[in-house]
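With mmCIF, C-alpha atoms and all ligand atoms inside, this is coords.cif:
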data_target
#
loop_
_atom_site.group_PDB
_atom_site.id
_atom_site.type_symbol
_atom_site.label_atom_id
_atom_site.label_comp_id
_atom_site.auth_asym_id
_atom_site.auth_seq_id
_atom_site.Cartn_x
_atom_site.Cartn_y
_atom_site.Cartn_z
ATOM 1 C CA MET E 66 8.072 5.046 -23.066
ATOM 2 C CA THR E 67 9.162 4.171 -26.585
ATOM 3 C CA ASP E 68 12.474 3.252 -28.195
ATOM 4 C CA THR E 69 14.004 6.470 -29.549
ATOM 5 C CA GLY E 70 16.777 4.740 -31.489
ATOM 6 C CA ARG E 71 19.354 6.580 -29.383
ATOM 7 C CA SER E 72 22.078 4.315 -28.075
ATOM 8 C CA TYR E 73 23.440 5.542 -24.741
ATOM 9 C CA CYS E 74 22.517 6.938 -21.305
ATOM 10 C CA VAL E 75 24.134 9.889 -19.532
ATOM 11 C CA VAL E 76 24.485 10.285 -15.777
ATOM 12 C CA VAL E 77 25.319 13.794 -14.575
ATOM 13 C CA GLY E 78 26.243 13.382 -10.935
ATOM 14 C CA SER E 79 28.543 12.692 -8.035
ATOM 15 C CA LEU E 80 31.490 10.377 -7.540
ATOM 16 C CA ASN E 81 32.714 9.447 -4.071
ATOM 17 C CA ILE E 82 35.062 7.141 -2.299
ATOM 18 C CA ASP E 83 33.062 5.473 0.468
ATOM 19 C CA LEU E 84 34.644 4.945 3.875
ATOM 20 C CA PHE E 85 32.438 2.047 4.824
ATOM 21 C CA VAL E 86 32.153 0.887 8.435
ATOM 22 C CA THR E 87 30.086 -1.929 9.924
ATOM 23 C CA ALA E 88 29.178 -2.285 13.618
ATOM 24 C CA GLU E 89 26.391 -3.980 15.580
ATOM 25 C CA ARG E 90 24.708 -0.646 16.172
ATOM 26 C CA PRO E 91 25.468 3.063 15.718
ATOM 27 C CA PRO E 92 27.122 4.863 18.636
ATOM 28 C CA ARG E 93 24.974 7.082 20.869
ATOM 29 C CA LYS E 94 26.006 10.708 21.396
ATOM 30 C CA GLY E 95 29.433 10.782 23.067
ATOM 31 C CA GLU E 96 29.836 7.009 22.857
ATOM 32 C CA THR E 97 32.518 4.891 21.134
ATOM 33 C CA VAL E 98 31.596 1.451 19.794
ATOM 34 C CA LEU E 99 33.853 -1.241 18.356
ATOM 35 C CA GLY E 100 33.264 -1.890 14.678
ATOM 36 C CA THR E 101 33.118 -5.242 12.893
ATOM 37 C CA GLY E 102 34.494 -4.255 9.493
ATOM 38 C CA PHE E 103 35.874 -1.512 7.259
ATOM 39 C CA GLY E 104 36.219 -1.077 3.511
ATOM 40 C CA LEU E 105 37.099 1.633 0.998
ATOM 41 C CA PHE E 106 34.561 1.282 -1.796
ATOM 42 C CA PRO E 107 33.840 3.386 -4.863
ATOM 43 C CA GLY E 108 30.501 5.143 -4.437
ATOM 44 C CA GLY E 109 28.586 8.371 -4.994
ATOM 45 C CA LYS E 110 25.019 8.269 -6.236
ATOM 46 C CA GLY E 111 25.956 9.398 -9.747
ATOM 47 C CA ALA E 112 28.785 6.898 -10.159
ATOM 48 C CA ASN E 113 26.720 4.097 -8.599
ATOM 49 C CA GLN E 114 23.858 4.678 -11.029
ATOM 50 C CA ALA E 115 26.272 4.845 -13.975
ATOM 51 C CA VAL E 116 27.950 1.582 -12.930
ATOM 52 C CA GLN E 117 24.554 -0.081 -12.478
ATOM 53 C CA LEU E 118 23.459 0.981 -15.974
ATOM 54 C CA ALA E 119 26.720 -0.294 -17.463
ATOM 55 C CA ARG E 120 26.443 -3.634 -15.634
ATOM 56 C CA LEU E 121 23.097 -4.041 -17.369
ATOM 57 C CA GLY E 122 24.823 -3.608 -20.726
ATOM 58 C CA SER E 123 23.773 -0.001 -21.346
ATOM 59 C CA GLU E 124 26.382 2.219 -23.011
ATOM 60 C CA THR E 125 26.739 4.868 -20.290
ATOM 61 C CA TYR E 126 28.626 8.130 -19.885
ATOM 62 C CA ILE E 127 29.238 9.876 -16.590
ATOM 63 C CA VAL E 128 29.643 13.653 -16.438
ATOM 64 C CA GLY E 129 31.206 14.725 -13.144
ATOM 65 C CA ARG E 130 34.205 15.888 -11.162
ATOM 66 C CA ILE E 131 36.761 13.990 -9.081
ATOM 67 C CA GLY E 132 39.758 15.217 -7.134
ATOM 68 C CA ALA E 133 43.383 14.773 -8.106
ATOM 69 C CA ASP E 134 44.139 12.597 -5.062
ATOM 70 C CA ILE E 135 44.898 9.045 -4.004
ATOM 71 C CA PHE E 136 41.202 8.054 -4.265
ATOM 72 C CA ALA E 137 40.645 9.138 -7.866
ATOM 73 C CA ASP E 138 42.251 6.056 -9.424
ATOM 74 C CA GLN E 139 40.058 3.666 -7.448
ATOM 75 C CA VAL E 140 36.895 5.597 -8.345
ATOM 76 C CA VAL E 141 37.784 5.841 -12.048
ATOM 77 C CA GLY E 142 39.015 2.231 -12.053
ATOM 78 C CA SER E 143 35.641 0.968 -10.878
ATOM 79 C CA LEU E 144 33.828 2.972 -13.569
ATOM 80 C CA GLU E 145 36.169 1.720 -16.282
ATOM 81 C CA ALA E 146 35.962 -1.882 -15.074
ATOM 82 C CA ALA E 147 32.196 -1.624 -15.578
ATOM 83 C CA ALA E 148 32.754 -0.017 -19.031
ATOM 84 C CA VAL E 149 31.302 3.379 -18.034
ATOM 85 C CA ARG E 150 32.608 6.047 -20.460
ATOM 86 C CA THR E 151 34.694 8.595 -18.520
ATOM 87 C CA ASP E 152 35.455 11.038 -21.388
ATOM 88 C CA TYR E 153 33.461 13.781 -19.576
ATOM 89 C CA LEU E 154 35.021 13.255 -16.153
ATOM 90 C CA ILE E 155 36.995 16.263 -14.954
ATOM 91 C CA LYS E 156 39.943 15.887 -12.577
ATOM 92 C CA ASP E 157 39.992 18.880 -10.210
ATOM 93 C CA ALA E 158 43.527 19.702 -9.066
ATOM 94 C CA GLY E 159 42.147 22.041 -6.390
ATOM 95 C CA ALA E 160 39.961 19.605 -4.450
ATOM 96 C CA GLY E 161 39.725 16.114 -3.061
ATOM 97 C CA THR E 162 37.482 13.386 -4.434
ATOM 98 C CA GLY E 163 34.079 13.363 -2.712
ATOM 99 C CA LYS E 164 33.779 11.180 0.392
ATOM 100 C CA GLY E 165 30.868 9.077 1.519
ATOM 101 C CA CYS E 166 31.144 8.159 5.203
ATOM 102 C CA VAL E 167 28.836 5.155 5.375
ATOM 103 C CA PHE E 168 27.880 3.400 8.603
ATOM 104 C CA SER E 169 26.016 0.089 8.294
ATOM 105 C CA ASP E 170 24.536 -1.747 11.312
ATOM 106 C CA ALA E 171 23.894 -5.447 11.982
ATOM 107 C CA ALA E 172 20.482 -5.223 10.298
ATOM 108 C CA GLY E 173 22.080 -3.711 7.177
ATOM 109 C CA ASP E 174 20.500 -0.297 7.738
ATOM 110 C CA ASN E 175 22.789 2.620 7.023
ATOM 111 C CA TRP E 176 23.590 6.230 7.876
ATOM 112 C CA ILE E 177 25.567 8.295 5.363
ATOM 113 C CA VAL E 178 27.402 11.601 5.600
ATOM 114 C CA VAL E 179 28.651 12.915 2.254
ATOM 115 C CA VAL E 180 31.508 15.416 2.027
ATOM 116 C CA PRO E 181 31.125 16.591 -1.591
ATOM 117 C CA GLU E 182 34.540 18.231 -2.264
ATOM 118 C CA ALA E 183 35.097 18.152 -6.073
ATOM 119 C CA ASN E 184 31.413 17.289 -6.650
ATOM 120 C CA MET E 185 30.391 20.824 -5.651
ATOM 121 C CA ARG E 186 33.033 22.676 -7.722
ATOM 122 C CA TRP E 187 31.356 22.641 -11.139
ATOM 123 C CA GLN E 188 32.103 25.505 -13.541
ATOM 124 C CA SER E 189 29.247 26.560 -15.806
ATOM 125 C CA HIS E 190 31.145 25.480 -18.945
ATOM 126 C CA ASP E 191 31.462 21.906 -17.619
ATOM 127 C CA ILE E 192 27.811 21.220 -18.295
ATOM 128 C CA GLU E 193 27.740 23.284 -21.516
ATOM 129 C CA ASN E 194 30.598 21.102 -22.820
ATOM 130 C CA ALA E 195 28.316 18.087 -22.375
ATOM 131 C CA ARG E 196 25.379 19.639 -24.302
ATOM 132 C CA ALA E 197 25.708 17.465 -27.436
ATOM 133 C CA LEU E 198 26.304 14.370 -25.338
ATOM 134 C CA ILE E 199 23.175 14.957 -23.247
ATOM 135 C CA GLN E 200 21.042 15.895 -26.237
ATOM 136 C CA GLY E 201 21.972 12.710 -28.107
ATOM 137 C CA ALA E 202 21.178 10.410 -25.180
ATOM 138 C CA ARG E 203 18.247 8.035 -24.726
ATOM 139 C CA ALA E 204 18.042 9.083 -21.059
ATOM 140 C CA LEU E 205 19.561 11.579 -18.631
ATOM 141 C CA ILE E 206 19.795 10.392 -15.020
ATOM 142 C CA VAL E 207 20.480 12.961 -12.283
ATOM 143 C CA GLN E 208 20.588 13.150 -8.482
ATOM 144 C CA LEU E 209 21.245 15.993 -6.013
ATOM 145 C CA GLU E 210 24.834 15.499 -4.809
ATOM 146 C CA ILE E 211 26.100 18.187 -7.212
ATOM 147 C CA PRO E 212 25.066 21.889 -7.394
ATOM 148 C CA LEU E 213 21.334 22.316 -8.109
ATOM 149 C CA PRO E 214 21.938 24.843 -10.961
ATOM 150 C CA VAL E 215 23.999 22.169 -12.761
ATOM 151 C CA VAL E 216 21.196 19.615 -12.308
ATOM 152 C CA ALA E 217 18.655 22.167 -13.563
ATOM 153 C CA ARG E 218 20.782 23.048 -16.610
ATOM 154 C CA ALA E 219 21.346 19.377 -17.485
ATOM 155 C CA ILE E 220 17.571 18.824 -17.303
ATOM 156 C CA ASP E 221 16.919 21.874 -19.518
ATOM 157 C CA LEU E 222 19.399 20.615 -22.119
ATOM 158 C CA ALA E 223 17.739 17.197 -22.091
ATOM 159 C CA CYS E 224 14.246 18.689 -22.383
ATOM 160 C CA GLU E 225 15.255 20.776 -25.409
ATOM 161 C CA ALA E 226 16.058 17.504 -27.205
ATOM 162 C CA ASP E 227 13.195 15.348 -25.846
ATOM 163 C CA VAL E 228 15.554 13.150 -23.856
ATOM 164 C CA LEU E 229 13.935 11.042 -21.114
ATOM 165 C CA VAL E 230 14.791 12.695 -17.754
ATOM 166 C CA VAL E 231 15.058 10.588 -14.584
ATOM 167 C CA LEU E 232 15.606 12.403 -11.274
ATOM 168 C CA ASN E 233 16.571 10.604 -8.080
ATOM 169 C CA PRO E 234 16.132 13.564 -5.666
ATOM 170 C CA ALA E 235 18.776 12.424 -3.172
ATOM 171 C CA PRO E 236 19.883 13.705 -0.721
ATOM 172 C CA ALA E 237 16.438 15.001 0.273
ATOM 173 C CA SER E 238 15.754 18.596 -0.638
ATOM 174 C CA GLU E 239 12.862 20.864 -1.528
ATOM 175 C CA LEU E 240 12.769 21.521 -5.283
ATOM 176 C CA PRO E 241 11.096 24.156 -7.448
ATOM 177 C CA GLY E 242 7.875 22.934 -9.109
ATOM 178 C CA GLY E 243 9.173 24.175 -12.471
ATOM 179 C CA LEU E 244 12.098 21.760 -12.289
ATOM 180 C CA LEU E 245 9.890 18.813 -11.293
ATOM 181 C CA ARG E 246 7.607 19.431 -14.266
ATOM 182 C CA LYS E 247 10.560 18.878 -16.630
ATOM 183 C CA VAL E 248 11.279 15.443 -15.137
ATOM 184 C CA ASP E 249 9.694 12.383 -16.780
ATOM 185 C CA LEU E 250 10.373 9.950 -13.951
ATOM 186 C CA LEU E 251 10.901 11.021 -10.332
ATOM 187 C CA VAL E 252 12.299 8.331 -7.991
ATOM 188 C CA PRO E 253 12.466 9.509 -4.344
ATOM 189 C CA ASN E 254 12.718 7.297 -1.266
ATOM 190 C CA GLU E 255 10.276 7.821 1.593
ATOM 191 C CA THR E 256 12.325 10.599 3.256
ATOM 192 C CA GLU E 257 12.755 12.484 -0.005
ATOM 193 C CA ALA E 258 9.083 12.001 -0.919
ATOM 194 C CA SER E 259 8.011 13.340 2.500
ATOM 195 C CA ILE E 260 9.941 16.567 1.901
ATOM 196 C CA LEU E 261 8.829 17.001 -1.702
ATOM 197 C CA ALA E 262 5.154 16.232 -1.003
ATOM 198 C CA GLY E 263 5.036 17.951 2.398
ATOM 199 C CA LEU E 264 3.477 14.940 4.121
ATOM 200 C CA SER E 265 4.912 12.101 6.147
ATOM 201 C CA VAL E 266 5.529 8.955 4.082
ATOM 202 C CA GLY E 267 5.987 5.821 6.186
ATOM 203 C CA ASP E 268 3.958 3.049 4.565
ATOM 204 C CA VAL E 269 2.267 2.020 1.325
ATOM 205 C CA GLU E 270 -0.893 4.060 1.929
ATOM 206 C CA SER E 271 0.934 7.311 2.731
ATOM 207 C CA ALA E 272 3.271 6.663 -0.211
ATOM 208 C CA LYS E 273 0.247 6.347 -2.495
ATOM 209 C CA GLU E 274 -1.043 9.698 -1.256
ATOM 210 C CA ALA E 275 2.357 11.372 -1.742
ATOM 211 C CA ALA E 276 2.918 9.765 -5.153
ATOM 212 C CA ARG E 277 -0.516 10.925 -6.376
ATOM 213 C CA LEU E 278 0.150 14.439 -5.097
ATOM 214 C CA LEU E 279 3.607 14.695 -6.675
ATOM 215 C CA GLN E 280 2.369 13.158 -9.911
ATOM 216 C CA SER E 281 -0.473 15.625 -10.227
ATOM 217 C CA LYS E 282 1.814 18.595 -9.505
ATOM 218 C CA ALA E 283 4.430 17.612 -12.069
ATOM 219 C CA ASP E 284 2.331 15.587 -14.555
ATOM 220 C CA ASN E 285 4.959 12.840 -14.815
ATOM 221 C CA THR E 286 5.585 9.358 -13.379
ATOM 222 C CA VAL E 287 6.530 9.140 -9.700
ATOM 223 C CA THR E 288 7.982 6.025 -8.048
ATOM 224 C CA ILE E 289 8.506 6.149 -4.286
ATOM 225 C CA THR E 290 10.834 3.447 -2.955
ATOM 226 C CA LEU E 291 9.920 1.985 0.444
ATOM 227 C CA GLY E 292 12.696 -0.538 1.194
ATOM 228 C CA SER E 293 11.218 -3.859 2.327
ATOM 229 C CA ALA E 294 7.699 -2.554 1.580
ATOM 230 C CA GLY E 295 8.536 -2.298 -2.134
ATOM 231 C CA SER E 296 7.632 0.762 -4.159
ATOM 232 C CA VAL E 297 4.591 2.810 -5.119
ATOM 233 C CA THR E 298 4.231 4.329 -8.575
ATOM 234 C CA ALA E 299 1.754 6.943 -9.717
ATOM 235 C CA THR E 300 1.072 7.695 -13.367
ATOM 236 C CA GLY E 301 -1.721 9.896 -14.654
ATOM 237 C CA ASP E 302 -3.990 6.828 -14.853
ATOM 238 C CA ASP E 303 -2.769 4.353 -12.331
ATOM 239 C CA ILE E 304 -1.325 3.731 -8.881
ATOM 240 C CA ILE E 305 0.842 0.611 -8.652
ATOM 241 C CA HIS E 306 2.278 -1.079 -5.553
ATOM 242 C CA THR E 307 5.239 -3.300 -6.465
ATOM 243 C CA PRO E 308 6.224 -5.596 -3.577
ATOM 244 C CA ALA E 309 9.892 -6.060 -2.661
ATOM 245 C CA PHE E 310 11.485 -9.489 -3.108
ATOM 246 C CA PRO E 311 12.222 -11.008 0.305
ATOM 247 C CA VAL E 312 16.016 -11.432 0.624
ATOM 248 C CA GLU E 313 18.560 -11.607 3.428
ATOM 249 C CA VAL E 314 19.815 -8.057 3.942
ATOM 250 C CA ALA E 315 23.582 -7.526 4.339
ATOM 251 C CA ASP E 316 23.647 -3.772 3.667
ATOM 252 C CA VAL E 317 21.190 -1.408 1.986
ATOM 253 C CA THR E 318 23.850 1.011 0.644
ATOM 254 C CA ALA E 319 23.173 1.828 -3.042
ATOM 255 C CA ALA E 320 19.917 -0.158 -3.160
ATOM 256 C CA GLY E 321 18.134 3.032 -4.250
ATOM 257 C CA ASP E 322 20.818 3.650 -6.882
ATOM 258 C CA SER E 323 20.416 0.134 -8.230
ATOM 259 C CA PHE E 324 16.612 0.462 -8.283
ATOM 260 C CA CYS E 325 16.664 3.831 -10.030
ATOM 261 C CA ALA E 326 19.195 2.821 -12.694
ATOM 262 C CA CYS E 327 17.456 -0.520 -13.319
ATOM 263 C CA LEU E 328 14.121 1.252 -13.732
ATOM 264 C CA ALA E 329 15.606 3.792 -16.165
ATOM 265 C CA TYR E 330 17.288 0.978 -18.105
ATOM 266 C CA ALA E 331 14.145 -1.152 -18.354
ATOM 267 C CA LEU E 332 12.054 1.799 -19.536
ATOM 268 C CA THR E 333 14.614 2.779 -22.181
ATOM 269 C CA GLU E 334 14.546 -0.858 -23.308
ATOM 270 C CA SER E 335 10.792 -0.351 -23.878
ATOM 271 C CA HIS E 336 9.591 -2.693 -21.151
ATOM 272 C CA ASP E 337 6.105 -1.858 -19.891
ATOM 273 C CA LEU E 338 5.995 -0.035 -16.562
ATOM 274 C CA GLU E 339 4.985 -3.023 -14.400
ATOM 275 C CA THR E 340 7.724 -5.237 -15.917
ATOM 276 C CA ALA E 341 10.246 -2.415 -15.469
ATOM 277 C CA LEU E 342 9.256 -1.984 -11.808
ATOM 278 C CA ARG E 343 9.653 -5.720 -11.125
ATOM 279 C CA PHE E 344 13.093 -5.630 -12.812
ATOM 280 C CA ALA E 345 14.131 -2.624 -10.696
ATOM 281 C CA SER E 346 12.862 -4.334 -7.574
ATOM 282 C CA ALA E 347 15.048 -7.368 -8.384
ATOM 283 C CA GLY E 348 18.092 -5.120 -8.883
ATOM 284 C CA GLY E 349 17.513 -3.427 -5.536
ATOM 285 C CA ALA E 350 16.949 -6.788 -3.822
ATOM 286 C CA LEU E 351 20.195 -8.281 -5.122
ATOM 287 C CA SER E 352 22.170 -5.188 -4.158
ATOM 288 C CA VAL E 353 21.132 -5.423 -0.497
ATOM 289 C CA THR E 354 22.499 -8.971 -0.231
ATOM 290 C CA ARG E 355 26.070 -7.603 -0.568
ATOM 291 C CA LEU E 356 28.153 -5.028 1.301
ATOM 292 C CA GLY E 357 29.041 -1.580 -0.012
ATOM 293 C CA ALA E 358 27.941 0.562 -2.941
ATOM 294 C CA GLN E 359 29.467 -0.407 -6.304
ATOM 295 C CA PRO E 360 30.583 -3.921 -5.258
ATOM 296 C CA SER E 361 26.929 -4.702 -4.550
ATOM 297 C CA LEU E 362 25.430 -3.733 -7.924
ATOM 298 C CA PRO E 363 24.168 -6.727 -9.934
ATOM 299 C CA THR E 364 24.694 -7.593 -13.600
ATOM 300 C CA LEU E 365 21.916 -8.160 -16.127
ATOM 301 C CA ASP E 366 22.465 -11.945 -15.986
ATOM 302 C CA GLU E 367 22.224 -11.951 -12.207
ATOM 303 C CA ILE E 368 18.938 -10.050 -12.303
ATOM 304 C CA ASN E 369 17.442 -12.235 -15.031
ATOM 305 C CA THR E 370 18.455 -15.423 -13.185
ATOM 306 C CA PHE E 371 16.995 -14.042 -9.946
ATOM 307 C CA LEU E 372 13.722 -13.138 -11.701
ATOM 308 C CA GLU E 373 13.405 -16.719 -12.971
ATOM 309 C CA HIS E 374 13.795 -18.105 -9.415
ATOM 310 C CA PRO E 375 13.182 -15.260 -6.964
ATOM 311 C CA GLY E 376 12.900 -17.704 -4.039
ATOM 312 C CA GLY E 377 16.472 -18.968 -4.650
HETATM 313 O O1 LIG D 401 23.425 5.941 -2.397
HETATM 314 C C1 LIG D 401 24.597 5.490 -1.759
HETATM 315 C C2 LIG D 401 25.684 6.505 -1.936
HETATM 316 O O2 LIG D 401 25.328 7.697 -1.265
HETATM 317 C C3 LIG D 401 27.016 6.122 -1.375
HETATM 318 O O3 LIG D 401 27.818 5.446 -2.306
HETATM 319 C C4 LIG D 401 27.598 7.450 -0.875
HETATM 320 O O4 LIG D 401 28.791 7.807 -1.506
HETATM 321 C C5 LIG D 401 26.503 8.467 -1.108
HETATM 322 O O5 LIG D 401 26.664 9.162 -2.278
#
Take the structure in this file and express it as structure tokens.
Ligand code: RIB
Amino acid sequence: MTDTGRSYCVVVGSLNIDLFVTAERPPRKGETVLGTGFGLFPGGKGANQAVQLARLGSETYIVGRIGADIFADQVVGSLEAAAVRTDYLIKDAGAGTGKGCVFSDAAGDNWIVVVPEANMRWQSHDIENARALIQGARALIVQLEIPLPVVARAIDLACEADVLVVLNPAPASELPGGLLRKVDLLVPNETEASILAGLSVGDVESAKEAARLLQSKADNTVTITLGSAGSVTATGDDIIHTPAFPVEVADVTAAGDSFCACLAYALTESHDLETALRFASAGGALSVTRLGAQPSLPTLDEINTFLEHPGG
């Protein structure tokens, strides 16, 4: 992917406040367990990816909706502290800010329930108002925590202007083939890839099969993230397994967001694909060493230092 001379990235997506709970293990049905910690962290896949891009030094705009409630200031504050441009953020007086109810166990694995609230209340003119912004961007990054027609329209606007389109298809959902063909880089995790490819992805070999299948259907680049097993990328010519960096896992929340944003950033900075994948892998690795979504996202300096001495 080449340098287009355009200066900024646009994320069209969700913003949440995360109610983050840690406990040794998740409760069984009907059971109560005592937790070990609680935090209120800014999250939402769209906001997380925007913050990650900004922490890398990318000029980044977020287009999205928050509620007019007690959580909005914390969510906007985190974006502004990272220097994400919030000019296209709409405050919805009729809804609450989206909530992410995140449970993280002793191994750092998580379970998330999202209550979208304002994130699902887009009006059609909201995205039309961002047309010029999207069409002047170096990349559009989208996920699936906002209405699918808004995602599809944002992608169409980007395609009209040859803007690089990155789709992180989370939460998992089936998607029309026509939409996938407009995406330049598709970044699902194993659950999302299983649904999109219609086969069970659980290891590197099955990920290779799914990545090849999705790549051939959409004629784009597909990177399937596999947690501690790294990632698998299919292009028209190649299939690449990028190992994960071994790190001590505190919490995996937003690791996929970090990976996806780091990969988009590195490609827009004209790094070759293998270098970009290693950079994204470092971003994801650093993010899992810390608790929560946005507090865990690394800066460019942190990633570069880590890449010089990945063993610590
Ligand atoms: O990817 C992690 C994010 O998913 C959390 O921040 C939560 O809000 C949900 O959107």
query = Skipping near chain neighbours, those fewer than 4 positions away, what residues fall within 6 Å of Asp170 of chain E using all atoms listed in the file, listed as a list in words?
reply = Thr87, Ala88, Glu89, Arg90 and Asp174 of chain E
request  = Apply the PyMOL selection byres (((chain E and resi 341-356) around 8) and not hetatm) to the structure shown and report the selected residues as a ChimeraX atom specification.
outcome  = /E:173,295,307-328,331-332,336-340,357-358,360-363,368,371-372
task = Determine the nearest neighbour of ligand LIG 401 (chain D) from the options E:Ala183, E:Val178, E:Leu244, E:Val228, counting all atoms listed in the file.
result = E:Val178
What's around segment 215-219 of chain E at 12 Å? Count all atoms listed in the file, leave out sequence neighbours fewer than 4 positions away in its own chain, and write the answer as a PDB file with C-alpha atoms, in the frame of the given file.
ATOM      1  CA  VAL E  75      24.134   9.889 -19.532  1.00  0.00           C
ATOM      2  CA  VAL E  76      24.485  10.285 -15.777  1.00  0.00           C
ATOM      3  CA  VAL E  77      25.319  13.794 -14.575  1.00  0.00           C
ATOM      4  CA  GLY E  78      26.243  13.382 -10.935  1.00  0.00           C
ATOM      5  CA  SER E  79      28.543  12.692  -8.035  1.00  0.00           C
ATOM      6  CA  GLY E 111      25.956   9.398  -9.747  1.00  0.00           C
ATOM      7  CA  VAL E 128      29.643  13.653 -16.438  1.00  0.00           C
ATOM      8  CA  GLY E 129      31.206  14.725 -13.144  1.00  0.00           C
ATOM      9  CA  ASN E 184      31.413  17.289  -6.650  1.00  0.00           C
ATOM     10  CA  MET E 185      30.391  20.824  -5.651  1.00  0.00           C
ATOM     11  CA  ARG E 186      33.033  22.676  -7.722  1.00  0.00           C
ATOM     12  CA  TRP E 187      31.356  22.641 -11.139  1.00  0.00           C
ATOM     13  CA  GLN E 188      32.103  25.505 -13.541  1.00  0.00           C
ATOM     14  CA  SER E 189      29.247  26.560 -15.806  1.00  0.00           C
ATOM     15  CA  HIS E 190      31.145  25.480 -18.945  1.00  0.00           C
ATOM     16  CA  ASP E 191      31.462  21.906 -17.619  1.00  0.00           C
ATOM     17  CA  ILE E 192      27.811  21.220 -18.295  1.00  0.00           C
ATOM     18  CA  GLU E 193      27.740  23.284 -21.516  1.00  0.00           C
ATOM     19  CA  ASN E 194      30.598  21.102 -22.820  1.00  0.00           C
ATOM     20  CA  ALA E 195      28.316  18.087 -22.375  1.00  0.00           C
ATOM     21  CA  ARG E 196      25.379  19.639 -24.302  1.00  0.00           C
ATOM     22  CA  ALA E 197      25.708  17.465 -27.436  1.00  0.00           C
ATOM     23  CA  LEU E 198      26.304  14.370 -25.338  1.00  0.00           C
ATOM     24  CA  ILE E 199      23.175  14.957 -23.247  1.00  0.00           C
ATOM     25  CA  GLN E 200      21.042  15.895 -26.237  1.00  0.00           C
ATOM     26  CA  ALA E 202      21.178  10.410 -25.180  1.00  0.00           C
ATOM     27  CA  ALA E 204      18.042   9.083 -21.059  1.00  0.00           C
ATOM     28  CA  LEU E 205      19.561  11.579 -18.631  1.00  0.00           C
ATOM     29  CA  ILE E 206      19.795  10.392 -15.020  1.00  0.00           C
ATOM     30  CA  VAL E 207      20.480  12.961 -12.283  1.00  0.00           C
ATOM     31  CA  GLN E 208      20.588  13.150  -8.482  1.00  0.00           C
ATOM     32  CA  LEU E 209      21.245  15.993  -6.013  1.00  0.00           C
ATOM     33  CA  GLU E 210      24.834  15.499  -4.809  1.00  0.00           C
ATOM     34  CA  ILE E 211      26.100  18.187  -7.212  1.00  0.00           C
ATOM     35  CA  ALA E 223      17.739  17.197 -22.091  1.00  0.00           C
ATOM     36  CA  CYS E 224      14.246  18.689 -22.383  1.00  0.00           C
ATOM     37  CA  GLU E 225      15.255  20.776 -25.409  1.00  0.00           C
ATOM     38  CA  ALA E 226      16.058  17.504 -27.205  1.00  0.00           C
ATOM     39  CA  VAL E 228      15.554  13.150 -23.856  1.00  0.00           C
ATOM     40  CA  LEU E 229      13.935  11.042 -21.114  1.00  0.00           C
ATOM     41  CA  VAL E 230      14.791  12.695 -17.754  1.00  0.00           C
ATOM     42  CA  VAL E 231      15.058  10.588 -14.584  1.00  0.00           C
ATOM     43  CA  LEU E 232      15.606  12.403 -11.274  1.00  0.00           C
ATOM     44  CA  ASN E 233      16.571  10.604  -8.080  1.00  0.00           C
ATOM     45  CA  PRO E 234      16.132  13.564  -5.666  1.00  0.00           C
ATOM     46  CA  ALA E 235      18.776  12.424  -3.172  1.00  0.00           C
ATOM     47  CA  LEU E 240      12.769  21.521  -5.283  1.00  0.00           C
ATOM     48  CA  PRO E 241      11.096  24.156  -7.448  1.00  0.00           C
ATOM     49  CA  GLY E 242       7.875  22.934  -9.109  1.00  0.00           C
ATOM     50  CA  GLY E 243       9.173  24.175 -12.471  1.00  0.00           C
ATOM     51  CA  LEU E 244      12.098  21.760 -12.289  1.00  0.00           C
ATOM     52  CA  LEU E 245       9.890  18.813 -11.293  1.00  0.00           C
ATOM     53  CA  ARG E 246       7.607  19.431 -14.266  1.00  0.00           C
ATOM     54  CA  LYS E 247      10.560  18.878 -16.630  1.00  0.00           C
ATOM     55  CA  VAL E 248      11.279  15.443 -15.137  1.00  0.00           C
TER      56      VAL E 248
END
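If you look at atom CA of Val180 of chain E and atom CA of Thr162 of chain E, they are 9.0 Å away from each other.
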inquiry  = Going by the chain IDs and residue numbers used in this file, which residues fall under the PyMOL selection byres (((chain E and resi 157) around 6) and not hetatm)? Write them as a PyMOL selection string.
reply    = chain E and resi 131-133+156+158-160
Residues from last step as file, C-alpha atoms, as a PDB file, in the coordinates of the input:
ATOM      1  CA  ILE E 131      36.761  13.990  -9.081  1.00  0.00           C
ATOM      2  CA  GLY E 132      39.758  15.217  -7.134  1.00  0.00           C
ATOM      3  CA  ALA E 133      43.383  14.773  -8.106  1.00  0.00           C
ATOM      4  CA  LYS E 156      39.943  15.887 -12.577  1.00  0.00           C
ATOM      5  CA  ALA E 158      43.527  19.702  -9.066  1.00  0.00           C
ATOM      6  CA  GLY E 159      42.147  22.041  -6.390  1.00  0.00           C
ATOM      7  CA  ALA E 160      39.961  19.605  -4.450  1.00  0.00           C
TER       8      ALA E 160
END
Output requested as a compact mmCIF listing (two decimals), keeping the file's coordinate frame - segment 361-365 of chain E, filled out with N, CA and C atoms.
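Writing the result to part_15.txt gives the following:
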# COMPACT_ATOMS: atom_id res chain seq x y z
N SER E 361 28.20 -3.99 -4.76
CA SER E 361 26.93 -4.70 -4.55
C SER E 361 26.02 -4.69 -5.77
N LEU E 362 26.38 -3.95 -6.82
CA LEU E 362 25.43 -3.73 -7.92
C LEU E 362 25.41 -4.92 -8.88
N PRO E 363 24.25 -5.48 -9.16
CA PRO E 363 24.17 -6.73 -9.93
C PRO E 363 24.31 -6.52 -11.44
N THR E 364 24.65 -7.61 -12.14
CA THR E 364 24.69 -7.59 -13.60
C THR E 364 23.32 -7.97 -14.15
N LEU E 365 23.17 -7.80 -15.46
CA LEU E 365 21.92 -8.16 -16.13
C LEU E 365 21.64 -9.66 -15.96
